[in-house]
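Structure file structure-v2.tsv with TSV, C-alpha atoms and all ligand atoms:
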chain	number	residue	atom	x	y	z
A	950	MET	CA	0.00	0.00	0.00
A	951	ASN	CA	1.24	3.46	-0.89
A	952	ILE	CA	0.75	5.95	1.96
A	953	LYS	CA	0.84	8.94	-0.42
A	954	ASP	CA	-2.10	7.49	-2.40
A	955	PHE	CA	-3.92	6.91	0.85
A	956	GLU	CA	-3.23	10.45	2.09
A	957	ASN	CA	-4.57	11.88	-1.17
A	958	LYS	CA	-7.66	9.74	-0.95
A	959	PHE	CA	-8.39	10.99	2.55
A	960	LYS	CA	-7.20	14.58	2.43
A	961	ASN	CA	-10.73	15.98	2.78
A	962	PHE	CA	-11.83	13.30	5.16
A	963	ASP	CA	-13.09	14.26	8.60
A	964	GLY	CA	-12.08	11.36	10.83
A	965	SER	CA	-9.07	10.42	12.98
A	966	ILE	CA	-6.57	8.75	10.66
A	967	TYR	CA	-2.96	8.15	11.69
A	968	PHE	CA	-0.06	6.81	9.64
A	969	ASN	CA	2.69	4.50	10.98
A	970	TYR	CA	0.91	4.28	14.31
A	971	SER	CA	2.41	2.25	17.14
A	972	LEU	CA	0.47	-0.94	17.87
A	973	LYS	CA	1.89	-0.99	21.39
A	974	LYS	CA	-0.70	1.57	22.44
A	975	LEU	CA	-3.51	-0.60	21.18
A	976	ASN	CA	-3.11	-3.85	23.04
A	977	TRP	CA	-3.24	-5.13	26.58
A	978	PHE	CA	0.37	-6.37	26.56
A	979	ASN	CA	1.84	-3.18	24.99
A	980	ILE	CA	3.72	-5.16	22.35
A	981	GLY	CA	4.22	-5.10	18.59
A	982	GLY	CA	5.46	-2.85	15.82
A	983	SER	CA	3.31	-0.34	14.02
A	984	THR	CA	0.44	-0.26	11.58
A	985	LYS	CA	0.66	1.57	8.27
A	986	ILE	CA	-2.80	3.06	8.86
A	987	TYR	CA	-4.81	3.45	12.04
A	988	PHE	CA	-8.35	4.73	11.89
A	989	LYS	CA	-10.51	5.70	14.84
A	990	PRO	CA	-13.97	6.66	13.56
A	991	ASN	CA	-15.87	9.20	15.61
A	992	THR	CA	-19.18	8.61	13.90
A	993	LEU	CA	-20.93	5.86	11.99
A	994	GLN	CA	-20.90	8.13	8.94
A	995	ASP	CA	-17.08	8.40	9.18
A	996	LEU	CA	-16.81	4.65	9.38
A	997	ILE	CA	-19.12	4.06	6.40
A	998	GLU	CA	-17.19	6.57	4.26
A	999	PHE	CA	-13.87	5.08	5.27
A	1000	LEU	CA	-14.93	1.50	4.56
A	1001	LYS	CA	-16.34	2.41	1.17
A	1002	LEU	CA	-13.12	4.19	0.20
A	1003	CYS	CA	-10.84	1.31	1.16
A	1004	LYS	CA	-13.06	-1.71	0.59
A	1005	ASP	CA	-10.38	-3.37	-1.59
A	1006	GLU	CA	-7.65	-3.16	1.05
A	1007	LYS	CA	-6.83	-6.77	1.95
A	1008	ASN	CA	-5.05	-6.33	5.31
A	1009	PHE	CA	-7.71	-5.08	7.64
A	1010	PHE	CA	-8.07	-5.60	11.37
A	1011	VAL	CA	-10.60	-4.33	13.91
A	1012	ILE	CA	-9.37	-4.13	17.47
A	1013	GLY	CA	-11.27	-3.85	20.73
A	1014	ALA	CA	-9.38	-3.58	24.02
A	1015	GLY	CA	-6.59	-5.71	22.51
A	1016	SER	CA	-6.70	-8.24	25.34
A	1017	ASN	CA	-6.77	-11.24	23.03
A	1018	VAL	CA	-4.27	-10.20	20.38
A	1019	LEU	CA	-0.51	-10.51	20.05
A	1020	PHE	CA	1.12	-8.25	17.47
A	1021	LYS	CA	4.46	-9.01	15.83
A	1022	ASP	CA	7.29	-6.44	15.98
A	1023	ASP	CA	7.00	-5.95	12.19
A	1024	ILE	CA	5.09	-3.24	10.37
A	1025	PHE	CA	1.49	-4.25	9.70
A	1026	GLU	CA	1.01	-3.35	6.03
A	1027	GLY	CA	-2.64	-2.60	6.38
A	1028	ILE	CA	-5.39	-0.88	8.30
A	1029	VAL	CA	-6.26	-1.19	11.98
A	1030	ILE	CA	-9.60	0.21	13.11
A	1031	LYS	CA	-10.65	0.90	16.68
A	1032	LEU	CA	-14.11	2.25	17.48
A	1033	SER	CA	-14.07	5.52	19.45
A	1034	LYS	CA	-15.97	6.11	22.69
A	1035	ASN	CA	-18.98	7.24	20.64
A	1036	PHE	CA	-19.50	3.54	19.90
A	1037	SER	CA	-19.54	2.66	23.60
A	1038	ARG	CA	-22.98	3.80	24.70
A	1039	ILE	CA	-25.08	1.47	26.80
A	1040	SER	CA	-28.82	1.91	27.25
A	1041	LEU	CA	-31.94	0.10	28.33
A	1042	LEU	CA	-34.23	-0.86	25.44
A	1043	ASN	CA	-36.97	-2.24	27.65
A	1044	GLU	CA	-37.04	-3.66	31.17
A	1045	ASN	CA	-35.16	-6.88	30.21
A	1046	THR	CA	-33.12	-5.73	27.26
A	1047	ILE	CA	-29.90	-3.76	27.04
A	1048	ILE	CA	-28.30	-2.38	23.91
A	1049	ALA	CA	-24.55	-1.74	24.02
A	1050	GLY	CA	-22.11	-0.25	21.53
A	1051	SER	CA	-19.33	-2.62	20.50
A	1052	GLY	CA	-16.64	-0.38	21.95
A	1053	ALA	CA	-18.11	-0.60	25.47
A	1054	LEU	CA	-16.13	-2.58	28.02
A	1055	ASP	CA	-17.61	-5.87	29.25
A	1056	LYS	CA	-17.19	-4.61	32.81
A	1057	SER	CA	-19.23	-1.47	32.02
A	1058	LEU	CA	-22.05	-3.64	30.68
A	1059	SER	CA	-22.08	-5.80	33.83
A	1060	GLU	CA	-22.19	-2.67	36.02
A	1061	PHE	CA	-24.93	-1.09	33.92
A	1062	ALA	CA	-26.99	-4.29	34.16
A	1063	ALA	CA	-26.59	-4.43	37.93
A	1064	GLU	CA	-27.56	-0.77	38.24
A	1065	ASN	CA	-30.73	-1.59	36.29
A	1066	SER	CA	-31.49	-4.72	38.34
A	1067	LEU	CA	-30.75	-7.10	35.47
A	1068	GLY	CA	-28.99	-10.36	36.25
A	1069	GLY	CA	-27.08	-12.68	33.92
A	1070	PHE	CA	-24.29	-10.23	33.10
A	1071	GLU	CA	-22.15	-10.74	36.19
A	1072	PHE	CA	-19.58	-12.97	34.43
A	1073	LEU	CA	-18.65	-10.04	32.17
A	1074	SER	CA	-17.04	-8.20	35.05
A	1075	CYS	CA	-14.06	-10.63	34.86
A	1076	ILE	CA	-13.30	-10.22	31.16
A	1077	PRO	CA	-10.97	-7.33	30.24
A	1078	GLY	CA	-12.39	-6.82	26.75
A	1079	THR	CA	-15.03	-4.96	24.77
A	1080	ILE	CA	-18.42	-6.09	23.51
A	1081	GLY	CA	-17.02	-6.40	19.95
A	1082	GLY	CA	-14.18	-8.69	21.07
A	1083	GLY	CA	-16.58	-10.64	23.28
A	1084	ILE	CA	-18.93	-11.38	20.38
A	1085	ARG	CA	-16.09	-12.46	18.08
A	1086	MET	CA	-14.54	-14.68	20.79
A	1087	ASN	CA	-17.81	-15.81	22.43
A	1088	SER	CA	-15.95	-14.86	25.58
A	1089	GLY	CA	-17.00	-16.26	28.90
A	1090	CYS	CA	-16.20	-17.43	32.37
A	1091	PHE	CA	-17.86	-19.13	35.34
A	1092	GLY	CA	-19.84	-21.32	32.92
A	1093	ARG	CA	-21.43	-18.40	31.08
A	1094	GLU	CA	-20.64	-17.06	27.61
A	1095	PHE	CA	-21.73	-14.21	25.36
A	1096	LYS	CA	-24.06	-16.56	23.50
A	1097	ASP	CA	-26.15	-16.98	26.69
A	1098	ILE	CA	-27.15	-13.30	26.84
A	1099	LEU	CA	-27.01	-12.16	23.22
A	1100	ILE	CA	-30.21	-11.31	21.32
A	1101	SER	CA	-28.79	-9.78	18.16
A	1102	VAL	CA	-25.67	-8.20	16.66
A	1103	GLN	CA	-25.53	-5.15	14.44
A	1104	ALA	CA	-22.54	-4.99	12.13
A	1105	ILE	CA	-21.11	-3.21	9.12
A	1106	SER	CA	-19.63	-4.96	6.10
A	1107	ARG	CA	-16.43	-3.97	4.25
A	1108	SER	CA	-18.61	-2.20	1.67
A	1109	GLY	CA	-20.32	-0.08	4.33
A	1110	GLU	CA	-23.59	-2.01	4.45
A	1111	ILE	CA	-25.25	-2.27	7.87
A	1112	LEU	CA	-26.82	-5.56	8.82
A	1113	THR	CA	-28.43	-7.19	11.84
A	1114	SER	CA	-27.97	-10.82	12.75
A	1115	PRO	CA	-30.24	-12.46	15.35
A	1116	ALA	CA	-28.19	-14.53	17.80
A	1117	LYS	CA	-30.24	-17.64	16.94
A	1118	ASN	CA	-28.75	-17.54	13.43
A	1119	ILE	CA	-25.16	-17.40	14.70
A	1120	ILE	CA	-23.21	-20.58	15.47
A	1121	PHE	CA	-21.15	-20.10	18.62
A	1122	ASP	CA	-18.41	-22.43	19.71
A	1123	TYR	CA	-15.72	-22.33	22.41
A	1124	ARG	CA	-14.20	-18.83	22.04
A	1125	SER	CA	-15.44	-18.41	18.49
A	1126	CYS	CA	-18.44	-17.67	16.32
A	1127	ASN	CA	-19.16	-18.09	12.64
A	1128	LEU	CA	-19.93	-14.44	11.82
A	1129	PRO	CA	-17.90	-13.42	8.72
A	1130	LYS	CA	-14.39	-12.28	9.62
A	1131	ASP	CA	-14.69	-9.07	7.61
A	1132	LEU	CA	-17.59	-7.68	9.66
A	1133	THR	CA	-17.10	-4.85	12.13
A	1134	PHE	CA	-19.56	-5.22	14.98
A	1135	LEU	CA	-21.29	-1.98	15.88
A	1136	SER	CA	-23.61	-2.89	18.72
A	1137	ALA	CA	-25.53	-5.74	20.24
A	1138	SER	CA	-28.67	-6.28	22.26
A	1139	PHE	CA	-28.71	-8.50	25.32
A	1140	LYS	CA	-31.35	-10.09	27.53
A	1141	GLY	CA	-31.28	-10.23	31.32
A	1142	ASN	CA	-33.47	-11.39	34.18
A	1143	LYS	CA	-34.90	-9.10	36.81
A	1144	LYS	CA	-32.87	-9.47	40.02
A	1145	LYS	CA	-32.39	-7.51	43.20
A	1146	LYS	CA	-29.97	-4.63	42.57
A	1147	SER	CA	-28.26	-4.91	45.94
A	1148	LYS	CA	-27.54	-8.63	45.39
A	1149	LEU	CA	-26.11	-8.00	41.95
A	1150	LYS	CA	-23.92	-5.16	43.20
A	1151	LYS	CA	-22.69	-7.34	46.03
A	1152	ARG	CA	-21.70	-10.06	43.55
A	1153	LEU	CA	-19.80	-7.48	41.49
A	1154	LYS	CA	-18.40	-5.87	44.63
A	1155	ILE	CA	-19.46	-2.36	43.54
B	1	LIG	C1	-5.89	-10.89	32.07
B	1	LIG	C2	-6.83	-11.47	31.05
B	1	LIG	C3	-7.92	-12.19	31.47
B	1	LIG	C4	-8.80	-12.75	30.53
B	1	LIG	N1	-9.89	-13.46	30.97
B	1	LIG	C5	-10.74	-14.00	30.07
B	1	LIG	C6	-11.88	-14.78	30.50
B	1	LIG	O1	-12.11	-14.98	31.67
B	1	LIG	N2	-12.70	-15.27	29.53
B	1	LIG	C7	-12.48	-15.07	28.20
B	1	LIG	O2	-13.28	-15.54	27.40
B	1	LIG	N3	-11.42	-14.33	27.79
B	1	LIG	C8	-10.55	-13.81	28.65
B	1	LIG	N4	-9.47	-13.08	28.22
B	1	LIG	C9	-9.27	-12.88	26.78
B	1	LIG	C10	-9.93	-11.57	26.26
B	1	LIG	O3	-10.07	-10.62	27.29
B	1	LIG	C11	-11.32	-11.84	25.64
B	1	LIG	O4	-11.21	-12.69	24.52
B	1	LIG	C12	-12.01	-10.52	25.22
B	1	LIG	O5	-13.36	-10.77	24.91
B	1	LIG	C13	-11.33	-9.88	24.02
B	1	LIG	O6	-11.97	-8.64	23.82
B	1	LIG	P1	-11.17	-7.41	23.20
B	1	LIG	O7	-12.12	-6.27	23.06
B	1	LIG	O8	-9.94	-7.16	23.97
B	1	LIG	O9	-10.83	-8.00	21.76
B	1	LIG	P2	-9.44	-7.90	21.00
B	1	LIG	O10	-8.40	-8.66	21.75
B	1	LIG	O11	-9.14	-6.49	20.65
B	1	LIG	O12	-9.82	-8.69	19.66
B	1	LIG	C14	-10.17	-10.06	19.73
B	1	LIG	C15	-10.88	-10.43	18.43
B	1	LIG	O13	-12.11	-9.73	18.34
B	1	LIG	C16	-12.18	-8.98	17.12
B	1	LIG	N5	-12.91	-7.73	17.40
B	1	LIG	C17	-12.74	-6.86	18.43
B	1	LIG	N6	-13.64	-5.86	18.34
B	1	LIG	C18	-14.37	-6.10	17.22
B	1	LIG	C19	-15.44	-5.41	16.56
B	1	LIG	N7	-15.98	-4.26	17.04
B	1	LIG	N8	-15.93	-5.93	15.42
B	1	LIG	C20	-15.42	-7.10	14.91
B	1	LIG	N9	-14.43	-7.79	15.48
B	1	LIG	C21	-13.90	-7.29	16.61
B	1	LIG	C22	-10.71	-8.73	16.75
B	1	LIG	O14	-10.58	-8.47	15.36
B	1	LIG	C23	-10.08	-10.04	17.18
B	1	LIG	O15	-10.30	-11.03	16.20
B	1	LIG	C24	-8.57	-12.54	29.14
B	1	LIG	C25	-7.46	-11.78	28.72
B	1	LIG	C26	-6.59	-11.25	29.66
B	1	LIG	C27	-5.42	-10.44	29.19
Encoded form using structure tokens:
Amino acid sequence: MNIKDFENKFKNFDGSIYFNYSLKKLNWFNIGGSTKIYFKPNTLQDLIEFLKLCKDEKNFFVIGAGSNVLFKDDIFEGIVIKLSKNFSRISLLNENTIIAGSGALDKSLSEFAAENSLGGFEFLSCIPGTIGGGIRMNSGCFGREFKDILISVQAISRSGEILTSPAKNIIFDYRSCNLPKDLTFLSASFKGNKKKKSKLKKRLKI
């Protein structure tokens, strides 16, 4: 990939794009070389535009909290995308359903659920990742996994098309799922069970 071509392509683009960006800052273990291009979209519109403009770029990686990735010391000749905090909102859809942006931390979702008297999310407090990473990995602990609470996943394709996949159509396995590798997850909805807030908070020690 030629950085000059890329710079020209994006010179009027209003998003956070960095060139030769250190990967060390992007992962839990602070390791690795750098990425040719790092993009941190602030808005969905930014992300759609960006994906449309570089849909043919082969080396493409979406990162969450970087707690399940190991980067080499080499230069990554491609694009790394990390969703900004604008993709981390968590809200209540109805009394049993939560919708969370893919950039939100698992721990934040467990605390939000407890605050809203919804049980079933406690296991998330032990996983140092984001919702996006948790969906991809079907992360879990204490006998519970993402698949047990997921209702649906909203994602964007490499061509900028937004799609929704009900959890019942996704095949989950141990630390994996069969959603296409080139999707960027945007948000997900989750189901919980009404529980006593004080009990949930006690379990989370908050
Ligand atoms: C100390 C420690 C404890 C851990 N404990 C557990 C545990 O108890 N249970 C467990 O299951 N795991 C555990 N893990 C592993 C890790 O935290 C989980 O796999 C976590 O869900 C990864 O989330 P992440 O946001 O860090 O994803 P990343 O590590 O950034 O990425 C992991 C994968 O998800 C993809 N991805 C991330 N975000 C998106 C997105 N928005 N759209 C599409 N794909 C995306 C990446 O491309 C990559 O393939 C632990 C790790 C550490 C370091």
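Near ligand LIG 1 (chain B), the residues found within 6 Å are Phe1010, Val1011, Ile1012, Gly1013, Ala1014, Gly1015, Ser1016, Asn1017, Val1018, Ser1051, Cys1075, Ile1076, Pro1077, Gly1078, Thr1079, Gly1081, Gly1082, Gly1083, Arg1085, Met1086, Ser1088, Gly1089, Cys1090, Leu1132, Thr1133, Phe1134 and Leu1135 of chain A (criterion computed using all atoms listed in the file).
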Would you list the contacts of Ser971 (chain A) as a PDB file with C-alpha atoms, in the frame of the given file, taking every protein, DNA or RNA residue within 7 Å and counting all atoms listed in the file, but skipping same-chain residues closer than 6 positions in sequence?
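The resulting around-v2.pdb:
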ATOM      1  CA  GLY A 982       5.460  -2.850  15.820  1.00  0.00           C
ATOM      2  CA  SER A 983       3.310  -0.340  14.020  1.00  0.00           C
ATOM      3  CA  THR A 984       0.440  -0.260  11.580  1.00  0.00           C
TER       4      THR A 984
END
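Compared by their closest atoms to Leu1002 (chain A), and using only C-alpha atoms, the residues A:Gly1050, A:Gly1109, A:Gly981, A:Gly1069 rank with A:Gly1109 nearest.
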> Taking all atoms listed in the file into account, which of A:Ile1119, A:Ile1028, A:Ala1063, A:Leu1000 comes nearest Asn969 (chain A)?
Replying inline: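 Residue with the minimum atom-to-atom distance to Asn969 (chain A): A:Ile1028.
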>> Just to confirm, what's the straight-line distance from CA of Ser1059 (chain A) to CA of Gly1141 (chain A) in Å (one decimal)?
In response: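 For CA of Ser1059 (chain A) relative to CA of Gly1141 (chain A), the distance reads 10.5 Å.
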